[in-house]
Every structure is written in C-alpha cells, then in structure tokens.
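S.K.: Sharing protein_38.cif here; it has mmCIF, C-alpha atoms and all ligand atoms.
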```cif
data_data
loop_
_atom_site.label_atom_id
_atom_site.label_comp_id
_atom_site.auth_asym_id
_atom_site.auth_seq_id
_atom_site.Cartn_x
_atom_site.Cartn_y
_atom_site.Cartn_z
CA MET A 1151 -2.51 -13.24 -7.42
CA PRO A 1152 -4.48 -11.68 -10.28
CA ASP A 1153 -4.18 -12.94 -13.87
CA CYS A 1154 -3.17 -9.52 -15.10
CA PRO A 1155 0.59 -9.71 -15.79
CA HIS A 1156 1.29 -6.03 -15.09
CA PHE A 1157 0.43 -6.29 -11.39
CA SER A 1158 3.18 -7.46 -9.05
CA ALA A 1159 3.59 -9.34 -5.79
CA ASP A 1160 5.98 -6.83 -4.23
CA TYR A 1161 8.06 -3.71 -4.84
CA SER A 1162 11.08 -5.48 -6.42
CA ASN A 1163 8.85 -7.35 -8.82
CA ALA A 1164 7.01 -4.13 -9.74
CA ARG A 1165 10.30 -2.33 -10.35
CA ALA A 1166 11.63 -5.17 -12.54
CA LYS A 1167 8.45 -5.09 -14.66
CA PHE A 1168 8.62 -1.31 -15.07
CA LEU A 1169 12.30 -1.38 -16.09
CA ALA A 1170 11.63 -4.26 -18.52
CA ALA A 1171 8.84 -2.18 -20.09
CA CYS A 1172 11.25 0.77 -20.47
CA ALA A 1173 13.78 -1.56 -22.13
CA ALA A 1174 11.09 -2.98 -24.45
CA VAL A 1175 10.42 0.49 -25.88
CA ASN A 1176 14.12 1.32 -25.79
CA ILE A 1177 13.90 4.36 -23.53
CA PRO A 1178 16.68 5.03 -21.02
CA TYR A 1179 15.69 5.67 -17.42
CA THR A 1180 17.27 7.52 -14.52
CA THR A 1181 17.57 5.81 -11.14
CA TYR A 1182 17.62 7.61 -7.79
CA VAL A 1183 18.95 5.26 -5.10
CA HIS A 1184 17.36 5.56 -1.67
CA PRO A 1185 19.75 5.36 1.32
CA ASN A 1186 17.72 2.59 3.03
CA LEU A 1187 17.23 -1.04 2.06
CA GLY A 1188 14.03 -3.08 1.72
CA PRO A 1189 12.88 -5.89 4.05
CA SER A 1190 14.89 -8.51 2.10
CA GLY A 1191 17.96 -6.30 1.83
CA GLU A 1192 16.95 -5.17 -1.67
CA SER A 1193 17.90 -1.74 -3.09
CA LEU A 1194 15.19 0.87 -2.97
CA CYS A 1195 15.01 3.18 -5.97
CA THR A 1196 12.86 5.75 -7.66
CA ASP A 1197 13.10 5.24 -11.43
CA CYS A 1198 12.16 7.96 -13.88
CA VAL A 1199 11.70 7.75 -17.62
CA CYS A 1200 11.21 10.84 -19.81
CA PHE A 1201 10.37 10.85 -23.48
CA GLY A 1202 9.19 13.28 -26.12
CA SER A 1203 10.72 16.66 -26.90
CA GLU A 1204 12.86 18.18 -24.15
CA THR A 1205 11.61 21.65 -25.08
CA ALA A 1206 7.92 20.75 -25.27
CA GLU A 1207 5.44 23.29 -23.94
CA ARG A 1208 3.13 20.49 -22.80
CA VAL A 1209 4.29 18.09 -20.09
CA LEU A 1210 2.45 15.05 -18.71
CA ILE A 1211 3.82 13.75 -15.40
CA VAL A 1212 2.64 10.46 -13.90
CA THR A 1213 3.61 9.43 -10.36
CA SER A 1214 3.19 6.21 -8.42
CA ALA A 1215 3.70 5.07 -4.82
CA VAL A 1216 3.69 8.56 -3.30
CA HIS A 1217 1.96 6.57 -0.56
CA GLY A 1218 4.29 3.55 -0.76
CA VAL A 1219 1.97 0.55 -0.49
CA GLU A 1220 -0.52 2.23 -2.86
CA GLY A 1221 2.10 1.80 -5.60
CA PHE A 1222 0.90 -1.59 -6.88
CA CYS A 1223 -1.81 0.21 -8.86
CA GLY A 1224 0.27 3.07 -10.29
CA SER A 1225 3.13 0.75 -11.17
CA ALA A 1226 0.86 -1.60 -13.13
CA ALA A 1227 -0.79 1.39 -14.87
CA MET A 1228 2.56 2.79 -16.04
CA THR A 1229 3.97 -0.57 -17.09
CA ALA A 1230 0.86 -1.44 -19.09
CA TRP A 1231 0.86 1.99 -20.74
CA LEU A 1232 4.48 1.60 -21.81
CA HIS A 1233 3.75 -1.82 -23.33
CA SER A 1234 0.63 -0.56 -25.13
CA GLY A 1235 2.58 1.97 -27.17
CA ASP A 1236 -0.04 4.63 -26.37
CA CYS A 1237 2.53 6.56 -24.34
CA MET A 1238 4.78 6.84 -27.42
CA GLN A 1239 1.87 8.34 -29.31
CA ALA A 1240 1.21 10.71 -26.40
CA ALA A 1241 4.83 11.89 -26.61
CA GLU A 1242 4.32 13.42 -30.05
CA GLY A 1243 4.41 17.11 -29.11
CA THR A 1244 4.28 16.39 -25.38
CA ARG A 1245 7.03 15.59 -22.89
CA VAL A 1246 5.94 12.50 -20.93
CA ILE A 1247 7.53 11.73 -17.57
CA LEU A 1248 6.79 8.53 -15.67
CA ILE A 1249 8.07 8.43 -12.08
CA HIS A 1250 8.02 4.92 -10.66
CA ALA A 1251 7.92 4.47 -6.87
CA LEU A 1252 8.48 7.99 -5.59
CA ASN A 1253 8.34 6.54 -2.05
CA PRO A 1254 10.13 3.21 -2.60
CA TYR A 1255 10.64 2.65 1.14
CA GLY A 1256 6.88 2.64 1.78
CA PHE A 1257 6.24 0.46 -1.27
CA ALA A 1258 8.78 -2.19 -0.21
CA TRP A 1259 7.90 -2.15 3.50
CA LEU A 1260 4.14 -2.04 2.77
CA ARG A 1261 3.66 1.31 4.46
CA ARG A 1262 1.78 4.39 3.35
CA VAL A 1263 4.42 6.64 4.92
CA ASN A 1264 8.12 7.00 4.23
CA GLU A 1265 11.22 6.08 6.28
CA ASP A 1266 10.59 9.04 8.64
CA ASN A 1267 6.90 8.27 9.21
CA VAL A 1268 6.15 11.19 6.88
CA ASP A 1269 3.14 11.25 4.60
CA LEU A 1270 4.82 12.44 1.38
CA ASN A 1271 1.55 13.92 0.10
CA ARG A 1272 1.52 16.28 3.12
CA ASN A 1273 5.25 17.14 2.92
CA PHE A 1274 5.16 19.78 0.16
CA ILE A 1275 4.63 22.81 2.37
CA ASN A 1276 6.97 25.75 2.61
CA HIS A 1277 8.97 24.67 5.65
CA GLU A 1278 10.38 28.15 6.17
CA GLU A 1279 6.91 29.51 6.86
CA MET A 1280 4.71 28.82 9.86
CA LEU A 1281 3.55 25.20 9.83
CA PRO A 1282 -0.18 24.53 9.34
CA ASP A 1283 -2.20 24.34 12.55
CA SER A 1284 -2.39 20.80 13.96
CA THR A 1285 -4.57 21.49 17.01
CA ALA A 1286 -7.64 19.61 15.77
CA TYR A 1287 -5.69 16.42 15.06
CA GLY A 1288 -3.85 16.86 18.37
CA SER A 1289 -7.08 16.47 20.31
CA LEU A 1290 -7.38 12.88 19.02
CA HIS A 1291 -3.70 11.96 18.75
CA SER A 1292 -3.38 9.88 21.92
CA LYS A 1293 -6.45 7.84 20.97
CA LEU A 1294 -5.23 7.25 17.41
CA VAL A 1295 -1.75 6.22 18.57
CA PRO A 1296 -2.54 3.74 21.36
CA GLN A 1297 0.01 2.08 23.65
CA ARG A 1298 -1.33 -1.41 22.97
CA TRP A 1299 -2.99 -3.03 19.97
CA ASN A 1300 -5.73 -5.66 20.07
CA GLU A 1301 -9.30 -6.15 18.82
CA ASP A 1302 -10.84 -4.15 21.68
CA VAL A 1303 -8.57 -1.17 21.01
CA ALA A 1304 -9.41 -1.32 17.29
CA ALA A 1305 -13.16 -1.54 18.05
CA GLY A 1306 -12.91 1.46 20.41
CA ILE A 1307 -11.21 3.60 17.75
CA ARG A 1308 -13.74 2.54 15.16
CA ARG A 1309 -16.56 3.51 17.55
CA MET A 1310 -15.00 6.92 18.20
CA LEU A 1311 -14.60 7.63 14.49
CA SER A 1312 -18.08 6.45 13.54
CA GLN A 1313 -19.63 8.57 16.30
CA HIS A 1314 -17.86 11.62 14.86
CA VAL A 1315 -19.14 10.69 11.39
CA ALA A 1316 -22.72 10.30 12.72
CA ARG A 1317 -22.55 13.77 14.31
CA ASN A 1318 -20.56 15.72 11.70
CA GLY A 1319 -20.32 13.67 8.51
CA LEU A 1320 -17.57 11.62 6.90
CA LEU A 1321 -15.66 14.55 5.38
CA SER A 1322 -15.43 16.24 8.77
CA MET A 1323 -13.89 13.11 10.33
CA GLN A 1324 -11.47 12.75 7.38
CA ALA A 1325 -10.48 16.43 7.66
CA LEU A 1326 -9.82 16.03 11.38
CA VAL A 1327 -7.74 12.86 11.09
CA CYS A 1328 -6.28 12.81 7.57
CA SER A 1329 -5.77 16.33 6.21
CA GLY A 1330 -2.18 16.57 7.48
CA GLN A 1331 -0.55 17.43 10.83
CA TYR A 1332 2.93 18.81 11.60
CA GLN A 1333 3.31 18.38 15.34
CA HIS A 1334 3.29 14.68 16.21
CA ARG A 1335 6.12 12.87 14.45
CA ASP A 1336 4.85 9.53 15.78
CA GLY A 1337 1.32 10.28 14.61
CA LEU A 1338 -0.86 9.72 11.56
CA PHE A 1339 -0.73 11.75 8.34
CA TYR A 1340 2.38 13.53 9.62
CA GLY A 1341 3.73 16.03 7.08
CA GLY A 1342 7.24 16.41 8.52
CA THR A 1343 9.26 19.50 9.33
CA GLN A 1344 11.64 19.34 6.38
CA ALA A 1345 11.77 18.17 2.78
CA THR A 1346 12.09 14.36 2.66
CA TRP A 1347 14.33 12.32 0.32
CA SER A 1348 11.40 11.69 -2.05
CA HIS A 1349 10.45 15.38 -1.96
CA ARG A 1350 13.98 16.35 -3.02
CA VAL A 1351 14.05 13.70 -5.78
CA LEU A 1352 10.77 14.98 -7.23
CA LYS A 1353 11.93 18.62 -7.16
CA ASN A 1354 15.13 17.51 -8.89
CA ILE A 1355 13.19 15.80 -11.67
CA LEU A 1356 10.82 18.76 -12.04
CA ARG A 1357 13.62 21.32 -12.22
CA SER A 1358 15.21 19.60 -15.20
CA SER A 1359 12.02 18.66 -17.03
CA THR A 1360 9.61 21.58 -16.76
CA ALA A 1361 11.80 24.57 -17.65
CA THR A 1362 10.02 25.20 -20.99
CA ALA A 1363 6.59 23.98 -19.93
CA LYS A 1364 3.50 26.13 -20.39
CA HIS A 1365 0.94 23.45 -19.52
CA ILE A 1366 1.61 20.61 -17.09
CA VAL A 1367 -0.76 17.78 -16.19
CA LEU A 1368 0.07 15.67 -13.15
CA LEU A 1369 -1.66 12.31 -12.70
CA ASP A 1370 -0.81 11.02 -9.23
CA PHE A 1371 -2.07 7.43 -8.74
CA HIS A 1372 -3.45 6.43 -5.31
CA THR A 1373 -5.65 3.72 -3.81
CA GLY A 1374 -7.78 3.26 -0.70
CA LEU A 1375 -10.57 5.83 -1.00
CA GLY A 1376 -13.89 5.33 -2.73
CA THR A 1377 -15.84 2.54 -4.40
CA TYR A 1378 -14.07 -0.83 -4.93
CA GLY A 1379 -12.16 -0.84 -8.23
CA THR A 1380 -13.59 2.52 -9.33
CA PRO A 1381 -11.59 5.70 -9.95
CA GLU A 1382 -12.31 9.24 -8.87
CA LEU A 1383 -10.20 12.06 -10.28
CA ILE A 1384 -9.67 14.68 -7.60
CA CYS A 1385 -8.53 18.18 -8.56
CA ALA A 1386 -6.86 20.31 -5.92
CA LYS A 1387 -8.45 23.59 -7.00
CA PRO A 1388 -11.69 24.54 -8.77
CA ALA A 1389 -9.63 26.22 -11.50
CA ASP A 1390 -8.48 22.78 -12.54
CA ASN A 1391 -12.04 22.13 -13.65
CA CYS A 1392 -11.09 23.33 -17.11
CA VAL A 1393 -10.13 19.67 -17.54
CA LYS A 1394 -13.66 18.51 -16.74
CA ASN A 1395 -14.48 17.40 -20.28
CA TRP A 1396 -11.39 15.28 -20.69
CA PHE A 1397 -12.40 12.28 -18.63
CA THR A 1398 -15.04 9.56 -18.68
CA ASP A 1399 -14.71 8.97 -14.93
CA LYS A 1400 -15.93 11.19 -12.10
CA LEU A 1401 -13.98 14.41 -11.61
CA SER A 1402 -14.25 16.15 -8.23
CA CYS A 1403 -12.59 18.94 -6.28
CA ALA A 1404 -11.41 18.67 -2.68
CA GLN A 1405 -11.67 22.43 -2.15
CA LEU A 1406 -15.34 22.44 -3.21
CA GLY A 1407 -16.11 19.58 -0.81
CA ASN A 1408 -17.55 17.26 -3.47
CA ALA A 1409 -14.66 14.76 -3.45
CA ILE A 1410 -14.26 11.47 -1.58
CA GLY A 1411 -11.50 13.01 0.52
CA PRO A 1412 -10.89 16.25 2.42
CA LYS A 1413 -8.78 19.26 1.45
CA LEU A 1414 -5.13 18.42 2.18
CA SER A 1415 -2.05 20.45 3.00
CA GLY A 1416 1.34 19.88 1.40
CA THR A 1417 0.34 17.77 -1.62
CA ILE A 1418 2.74 17.04 -4.47
CA GLY A 1419 0.48 19.11 -6.72
CA TYR A 1420 1.36 22.10 -4.54
CA GLY A 1421 5.05 21.16 -4.89
CA LEU A 1422 4.65 21.11 -8.67
CA ARG A 1423 3.09 24.58 -8.69
CA GLN A 1424 6.04 25.87 -6.65
CA ALA A 1425 8.55 24.24 -9.00
CA ALA A 1426 6.90 25.52 -12.19
CA PRO A 1427 5.30 28.86 -11.25
CA ALA A 1428 5.09 30.10 -14.84
CA ALA A 1429 3.14 27.09 -16.12
CA ASN A 1430 -0.56 26.26 -16.00
CA VAL A 1431 -0.61 23.25 -13.68
CA TYR A 1432 -3.46 20.73 -13.73
CA SER A 1433 -2.85 18.51 -10.74
CA ILE A 1434 -5.10 15.44 -10.55
CA THR A 1435 -5.12 12.70 -7.93
CA VAL A 1436 -6.33 9.44 -9.45
CA GLU A 1437 -7.85 7.57 -6.52
CA PHE A 1438 -9.06 3.96 -6.89
CA GLY A 1439 -11.38 2.68 -4.17
CA THR A 1440 -10.72 -0.51 -2.22
CA TYR A 1441 -12.67 -1.15 1.01
CA ASP A 1442 -14.69 0.94 3.43
CA VAL A 1443 -13.06 3.93 5.06
CA TYR A 1444 -12.96 2.42 8.59
CA ARG A 1445 -11.17 -0.73 7.44
CA VAL A 1446 -8.56 1.31 5.56
CA LEU A 1447 -8.05 3.78 8.42
CA LEU A 1448 -7.72 1.00 10.98
CA ALA A 1449 -5.10 -0.68 8.80
CA ILE A 1450 -3.11 2.59 8.82
CA ILE A 1451 -3.53 3.01 12.59
CA ALA A 1452 -2.46 -0.60 13.26
CA ASP A 1453 0.59 -0.19 11.00
CA ASN A 1454 1.59 3.00 12.81
CA TRP A 1455 1.36 1.15 16.15
CA LEU A 1456 3.34 -1.78 14.73
CA HIS A 1457 6.32 0.30 13.55
CA LEU A 1458 6.25 2.41 16.71
CA ARG A 1459 5.77 -0.19 19.41
CA GLY A 1460 5.38 -3.70 17.92
CA HIS A 1461 7.50 -6.28 16.06
CA VAL A 1462 7.02 -6.61 12.31
CA GLN A 1463 8.21 -10.25 12.32
CA SER A 1464 5.78 -11.35 15.06
CA GLU A 1465 2.58 -13.18 14.17
CA MET A 1466 0.51 -10.08 14.91
CA GLY A 1467 3.01 -7.97 12.94
CA GLN A 1468 2.64 -10.17 9.87
CA ARG A 1469 -1.16 -10.10 10.19
CA ILE A 1470 -1.11 -6.31 10.30
CA LYS A 1471 1.21 -6.10 7.26
CA GLN A 1472 -1.09 -8.43 5.31
CA GLU A 1473 -4.09 -6.25 6.19
CA VAL A 1474 -2.27 -3.09 5.09
CA ARG A 1475 -1.42 -4.71 1.75
CA SER A 1476 -4.99 -5.95 1.21
CA SER A 1477 -6.49 -2.59 2.20
CA PHE A 1478 -4.58 -0.76 -0.53
CA TYR A 1479 -4.14 -3.59 -3.02
CA PRO A 1480 -6.93 -6.16 -3.35
CA ASP A 1481 -4.82 -8.49 -5.51
CA GLN A 1482 -7.66 -10.27 -7.27
CA ASP A 1483 -9.12 -10.04 -10.76
CA ASP A 1484 -12.37 -8.28 -9.77
CA TRP A 1485 -10.27 -5.31 -8.63
CA CYS A 1486 -7.17 -5.46 -10.86
CA GLU A 1487 -9.02 -5.81 -14.18
CA PRO A 1488 -11.25 -2.71 -13.86
CA VAL A 1489 -8.37 -0.74 -12.30
CA LEU A 1490 -6.08 -1.49 -15.22
CA LYS A 1491 -8.76 -0.75 -17.80
CA ARG A 1492 -9.78 2.57 -16.25
CA SER A 1493 -6.16 3.63 -15.64
CA GLN A 1494 -5.30 3.18 -19.34
CA CYS A 1495 -8.33 5.28 -20.32
CA ILE A 1496 -7.38 8.00 -17.85
CA LEU A 1497 -3.78 8.15 -19.11
CA ASN A 1498 -4.93 8.36 -22.75
CA GLU A 1499 -7.66 10.91 -21.99
CA ALA A 1500 -5.20 13.13 -20.10
CA ALA A 1501 -2.71 12.92 -22.97
CA ASP A 1502 -5.42 13.76 -25.52
CA GLY A 1503 -6.75 16.63 -23.41
CA LEU A 1504 -3.31 18.11 -22.92
CA ALA A 1505 -2.52 17.84 -26.65
CA ALA A 1506 -5.72 19.76 -27.47
CA ILE A 1507 -5.05 22.77 -25.18
ZN ZN B 1601 -2.79 7.89 -1.25
#
```
Turn the structure described in the file into structure tokens.
Ligand SMILES: [Zn+2]
M.R.:
Amino acid sequence: MPDCPHFSADYSNARAKFLAACAAVNIPYTTYVHPNLGPSGESLCTDCVCFGSETAERVLIVTSAVHGVEGFCGSAAMTAWLHSGDCMQAAEGTRVILIHALNPYGFAWLRRVNEDNVDLNRNFINHEEMLPDSTAYGSLHSKLVPQRWNEDVAAGIRRMLSQHVARNGLLSMQALVCSGQYQHRDGLFYGGTQATWSHRVLKNILRSSTATAKHIVLLDFHTGLGTYGTPELICAKPADNCVKNWFTDKLSCAQLGNAIGPKLSGTIGYGLRQAAPAANVYSITVEFGTYDVYRVLLAIIADNWLHLRGHVQSEMGQRIKQEVRSSFYPDQDDWCEPVLKRSQCILNEAADGLAAI
C-alpha cells in the first residue's frame, strides 16, 4: 500500500474516506443505492456532494470510477481536494459537484465494466436512434472473447494485436477494439442497448444541478492509458481547445487524432451535452497512465473471460483480479504520489479557468 492516506485498498474504504472528507467540511451528500451488492455483501452506492451557489452560471463537475476499477485514482483526488480546502475556494461563484463512484459495481468487483458488462463511457448514445456500426469490432470478437484462458491464448491475442499495430499503428488498433461496440453483449467495450443504472443516476444529478448553467467543465478521472503516473487531458472536440491555456499538463483531442486514445462513441461528455444543451460544455477526460497498452488490454480481456466462463474464487480467478487491479491502480508511492500531486493541480487549474471565463 502507498503512504498517501487518500488512496484506498478497496471500494468500501474509498467510499468511507470520501464521506469522512465531506463530513470534515460539513457538506451534506446525496447517496444513490445500487441494486446489487459488492463481493463481501457490502452496499454499493454512488455518492454526490454539491456546494456553491445553486443558481451559479459556472458549474464544475468531477466524476470518478466511470470505469469501476479505475476509481482508486479519482476517489483519492476528490478526497484530497476536499481536505485541502481548495474546493471550498473554487465554490465561490461556481457550483462544484463531486460524484464519487459513478459505477460502484465495477469499483467494488474490480471491473472496468458495470453489472451488465456495459462500458459506461460508451453508454451515452441516443438509444432511440440507430446504434453505431460495430462491424469492425465484430471481425475480431471471437478472438478477443476466447473459450479458454491460459498463457498461450493470451500470447496469441497479444501477437494478433501487435501485428495490427505494426501494420496500421496503435490508434488504429485501439479504434478497432476499444472505441465502443453495440452488438456483442458478452464482448469488450460494449456500450449496451439501453441507459444503465449509472447513466440514469448521472442524468438525474445533471438535471437538478445544471438548470442555470452557462459554462460547465467536466473532469472525468480515468487510469490505464499513457505514461506511468503521468496525466493527459483529453478533450472530446477541438472546440474544447479554448481551455488549452488552463493546464500545465498535456491537453489533447481524440477527434484530432493527437490523443493517447481513439475517438469514442457514447461518452459521458456526450451525455452532459445532451442534458445541458444551452450551456457551453468543456468535457475533459483526465487519463493517468499505468502500464503498456498490451498489458492493460490483456487484463481487460482476461477479466471478461473470467466473468463469462471462469470462477472468480478460483486460483486463476484471483490472479486475474489482482492483475486487473494492478493494471489500473499501481498501489505504490512512485505512482500514487505524482498522481495525487498532478490531480490537485488539474482540479485547481480547471476551477481557476472556469472562474475566469
Ligand atoms: Zn477509463
């Protein structure tokens, strides 16, 4: 475990620290109780704290654990920010909303996806319209969702992916595998065919908190892509580049192809734009790197196999869970310390930038 006290060993611990931080600054929170339980029978909840003027024209929204197991980082960032008092300063003239564990199921069960195998950051499409085309992913689906799991299978998938990267580049492989698919409910990066529990909770929060907003900044904390312990701030659209002078760290744009990840469908930033069509929305994914892309992808593929065809309590199951946790949360000081430091800067810089609009 790292020395940093704001990082946690598991979801329940992270939740307790966040709620204690809310209590320390005397701010009430709202709890949304998930219908499922965690692996130890614990309640699963999304907790939301809002402070600052309810009629503010500027709103800063911070989300964590959209991809469940990635929540260790966002949770620590929010908890530390609450304790620092900087968030109280940010709330002068700005409405600040911290949403802890938007996908509590994934956080507690150490999964990137939710209880329905849905990638929440691909779920914010308009489900009444035609679903995005999933043909490209479909051509690889059977190879990415194997019947059996062992070292040879993993090595074969790694070989297939690296051959594609050698021919077409990393972004092309990521776009093919990771950008979001809507056909294979047992597959990877599945966006679902209806709004999930977490999707509905977020829309609920947004409806009541953005009615008077003219400018909204969303900082959505993720891990697993990029250089170890280093953040990249990924904007969904080039227009968001009006925020380019706010931050010390690298700012990129998925649509322009200069980011560490591909263009995605159904992100929560898109959901925010739908919920607050009259506001200027600056949606920023804060992505902290961990390990190389093949290791992280193979951890996701193994976890998908495990929940589909394996046994979580088996020896192999526990090994896979440990690898998923490590891939998204290197719980040691050389990762946690820079992540916490940069996350506090990013939160303060976003608050300052928003206040100056
Ligand atoms: Zn993520």
S.K.: Around ligand ZN 1601 (chain B), which protein and nucleic acid residues have at least one atom no more than 12 Å from it, if we count only C-alpha atoms and all ligand atoms? List them as a tab-separated table (two decimals) with C-alpha atoms, in the coordinates of the input.
M.R.:
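Saved to selection.tsv:
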```tsv
chain	number	residue	atom	x	y	z
A	1213	THR	CA	3.61	9.43	-10.36
A	1214	SER	CA	3.19	6.21	-8.42
A	1215	ALA	CA	3.70	5.07	-4.82
A	1216	VAL	CA	3.69	8.56	-3.30
A	1217	HIS	CA	1.96	6.57	-0.56
A	1218	GLY	CA	4.29	3.55	-0.76
A	1219	VAL	CA	1.97	0.55	-0.49
A	1220	GLU	CA	-0.52	2.23	-2.86
A	1221	GLY	CA	2.10	1.80	-5.60
A	1222	PHE	CA	0.90	-1.59	-6.88
A	1223	CYS	CA	-1.81	0.21	-8.86
A	1224	GLY	CA	0.27	3.07	-10.29
A	1253	ASN	CA	8.34	6.54	-2.05
A	1256	GLY	CA	6.88	2.64	1.78
A	1257	PHE	CA	6.24	0.46	-1.27
A	1261	ARG	CA	3.66	1.31	4.46
A	1262	ARG	CA	1.78	4.39	3.35
A	1263	VAL	CA	4.42	6.64	4.92
A	1269	ASP	CA	3.14	11.25	4.60
A	1270	LEU	CA	4.82	12.44	1.38
A	1271	ASN	CA	1.55	13.92	0.10
A	1272	ARG	CA	1.52	16.28	3.12
A	1328	CYS	CA	-6.28	12.81	7.57
A	1329	SER	CA	-5.77	16.33	6.21
A	1339	PHE	CA	-0.73	11.75	8.34
A	1370	ASP	CA	-0.81	11.02	-9.23
A	1371	PHE	CA	-2.07	7.43	-8.74
A	1372	HIS	CA	-3.45	6.43	-5.31
A	1373	THR	CA	-5.65	3.72	-3.81
A	1374	GLY	CA	-7.78	3.26	-0.70
A	1375	LEU	CA	-10.57	5.83	-1.00
A	1376	GLY	CA	-13.89	5.33	-2.73
A	1384	ILE	CA	-9.67	14.68	-7.60
A	1411	GLY	CA	-11.50	13.01	0.52
A	1414	LEU	CA	-5.13	18.42	2.18
A	1417	THR	CA	0.34	17.77	-1.62
A	1418	ILE	CA	2.74	17.04	-4.47
A	1435	THR	CA	-5.12	12.70	-7.93
A	1436	VAL	CA	-6.33	9.44	-9.45
A	1437	GLU	CA	-7.85	7.57	-6.52
A	1438	PHE	CA	-9.06	3.96	-6.89
A	1439	GLY	CA	-11.38	2.68	-4.17
A	1440	THR	CA	-10.72	-0.51	-2.22
A	1446	VAL	CA	-8.56	1.31	5.56
A	1447	LEU	CA	-8.05	3.78	8.42
A	1450	ILE	CA	-3.11	2.59	8.82
A	1477	SER	CA	-6.49	-2.59	2.20
A	1478	PHE	CA	-4.58	-0.76	-0.53
A	1479	TYR	CA	-4.14	-3.59	-3.02
```
S.K.: Please provide the set of residues having any atom within 10 Å of Ser1493 of chain A, restricted to only C-alpha atoms, with same-chain residues fewer than 4 positions apart removed, written as an mmCIF file with C-alpha atoms, in the coordinates of the input.
M.R.:
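Ended up saving to part_38.cif:
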```
data_model
loop_
_atom_site.group_PDB
_atom_site.id
_atom_site.type_symbol
_atom_site.label_atom_id
_atom_site.label_comp_id
_atom_site.auth_asym_id
_atom_site.auth_seq_id
_atom_site.Cartn_x
_atom_site.Cartn_y
_atom_site.Cartn_z
ATOM 1 C CA CYS A 1223 -1.810 0.210 -8.860
ATOM 2 C CA GLY A 1224 0.270 3.070 -10.290
ATOM 3 C CA ALA A 1226 0.860 -1.600 -13.130
ATOM 4 C CA ALA A 1227 -0.790 1.390 -14.870
ATOM 5 C CA MET A 1228 2.560 2.790 -16.040
ATOM 6 C CA ALA A 1230 0.860 -1.440 -19.090
ATOM 7 C CA TRP A 1231 0.860 1.990 -20.740
ATOM 8 C CA PHE A 1371 -2.070 7.430 -8.740
ATOM 9 C CA THR A 1380 -13.590 2.520 -9.330
ATOM 10 C CA PRO A 1381 -11.590 5.700 -9.950
ATOM 11 C CA VAL A 1436 -6.330 9.440 -9.450
ATOM 12 C CA PHE A 1438 -9.060 3.960 -6.890
ATOM 13 C CA GLU A 1487 -9.020 -5.810 -14.180
ATOM 14 C CA PRO A 1488 -11.250 -2.710 -13.860
ATOM 15 C CA VAL A 1489 -8.370 -0.740 -12.300
ATOM 16 C CA LEU A 1497 -3.780 8.150 -19.110
ATOM 17 C CA ASN A 1498 -4.930 8.360 -22.750
ATOM 18 C CA GLU A 1499 -7.660 10.910 -21.990
#
```
S.K.: Fewer than 4 positions away in the same chain doesn't count, so skip those; otherwise give me all residues within 12 Å of Thr1285 of chain A, counting all atoms listed in the file, as a compact mmCIF listing (two decimals) with C-alpha atoms, keeping the file's coordinate frame.
M.R.:
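Saved file out.txt follows:
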```txt
# COMPACT_ATOMS: atom_id res chain seq x y z
CA LEU A 1281 3.55 25.20 9.83
CA SER A 1289 -7.08 16.47 20.31
CA LEU A 1290 -7.38 12.88 19.02
CA HIS A 1291 -3.70 11.96 18.75
CA LEU A 1326 -9.82 16.03 11.38
CA VAL A 1327 -7.74 12.86 11.09
CA GLY A 1330 -2.18 16.57 7.48
CA GLN A 1331 -0.55 17.43 10.83
CA TYR A 1332 2.93 18.81 11.60
CA GLN A 1333 3.31 18.38 15.34
CA HIS A 1334 3.29 14.68 16.21
```
S.K.: Expressed in Å to a single decimal, how great is the separation between atom CA of Ala1361 of chain A and atom CA of Ala1425 of chain A?
M.R.: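 Separation between atom CA of Ala1361 of chain A and atom CA of Ala1425 of chain A: 9.2 Å.
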S.K.: Any idea what's packed within 12 Å of segment 1170-1175 of chain A, counting all atoms listed in the file, ignoring anything in its chain fewer than 5 positions away? Could you give it as a VMD selection string?
M.R.: chain A and resid 1155 to 1156 1163 to 1165 1180 1197 to 1201 1225 to 1238 1247 to 1250
S.K.: Compare A:Asn1454, A:Asn1395, A:Gln1494, A:Thr1377 by their minimum atom-to-atom distance to Leu1260 of chain A, counting all atoms listed in the file, and give me the closest one.
M.R.: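 Counting all atoms listed in the file, the residue closest to Leu1260 of chain A is A:Asn1454.
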S.K.: Quick one, how far is atom CA of Gly1379 of chain A from atom CA of Asp1442 of chain A?
M.R.: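 A separation of 12.1 Å between them.
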S.K.: I'd like the interatomic distance between atom CA of Thr1362 of chain A and atom CA of Asn1430 of chain A, to a tenth of an Å.
M.R.: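 These two atoms are separated by 11.7 Å.
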S.K.: So that all listed atoms of segment 1457-1473 of chain A fit with 6 Å spare on each side, what axis-aligned box centre and edge lengths in Å, to one decimal, would you give as lines of an AutoDock Vina configuration file?
M.R.:
```
center_x = 2.1
center_y = -5.4
center_z = 12.4
size_x = 24.3
size_y = 27.6
size_z = 26.1
```
S.K.: Could you check the closest approach to Gly1467 of chain A for each of A:Asp1266, A:Tyr1255, A:Arg1492, A:Trp1299 and tell me which residue wins, using only C-alpha atoms?
M.R.: A:Trp1299
S.K.: Residues of segment 1395-1475 of chain A that have any atom at most 8 Å from an atom of segment 1385-1388 of chain A: could you tabulate them with the shortest-distance atom pair and the distance in Å to one decimal, using only C-alpha atoms, ordered by chain and increasing number, as CSV?
M.R.:
```
residue,atom,partner,partner_atom,distance
A:Leu1401,CA,A:Cys1385,CA,7.3
A:Ser1402,CA,A:Cys1385,CA,6.1
A:Cys1403,CA,A:Cys1385,CA,4.7
A:Ala1404,CA,A:Ala1386,CA,5.8
A:Gln1405,CA,A:Lys1387,CA,5.9
A:Leu1406,CA,A:Pro1388,CA,7.0
A:Lys1413,CA,A:Ala1386,CA,7.7
A:Gly1419,CA,A:Ala1386,CA,7.5
A:Tyr1432,CA,A:Cys1385,CA,7.7
A:Ser1433,CA,A:Cys1385,CA,6.1
A:Ile1434,CA,A:Cys1385,CA,4.8
A:Thr1435,CA,A:Cys1385,CA,6.5
```
S.K.: For each of A:Arg1475, A:Lys1293, A:Lys1353, A:Lys1491, take the minimum atom-to-atom distance to Leu1311 of chain A, counting all atoms listed in the file, then give the residue where this is smallest.
M.R.: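 The answer is A:Lys1293, which sits nearest to Leu1311 of chain A.
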S.K.: Within 12 Å of (-4.6, -12.2, -12.7), in the coordinates the file gives, what residues turn up when you count only C-alpha atoms, written out as number ranges by chain?
M.R.: A: 1151-1159, 1226, 1480-1488, 1490
S.K.: From the list A:Met1323, A:Val1268, A:Ala1505, A:Leu1252, which residue is nearest Val1443 of chain A when using only C-alpha atoms?
M.R.: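 Of A:Met1323, A:Val1268, A:Ala1505, A:Leu1252, the one nearest Val1443 of chain A is A:Met1323, counting only C-alpha atoms.
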S.K.: Smallest atom-to-atom distance to Ile1366 of chain A: which of A:Thr1181, A:Ala1305, A:Phe1168, A:Pro1427, using only C-alpha atoms?
M.R.: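 Nearest candidate to Ile1366 of chain A out of A:Thr1181, A:Ala1305, A:Phe1168, A:Pro1427: A:Pro1427.
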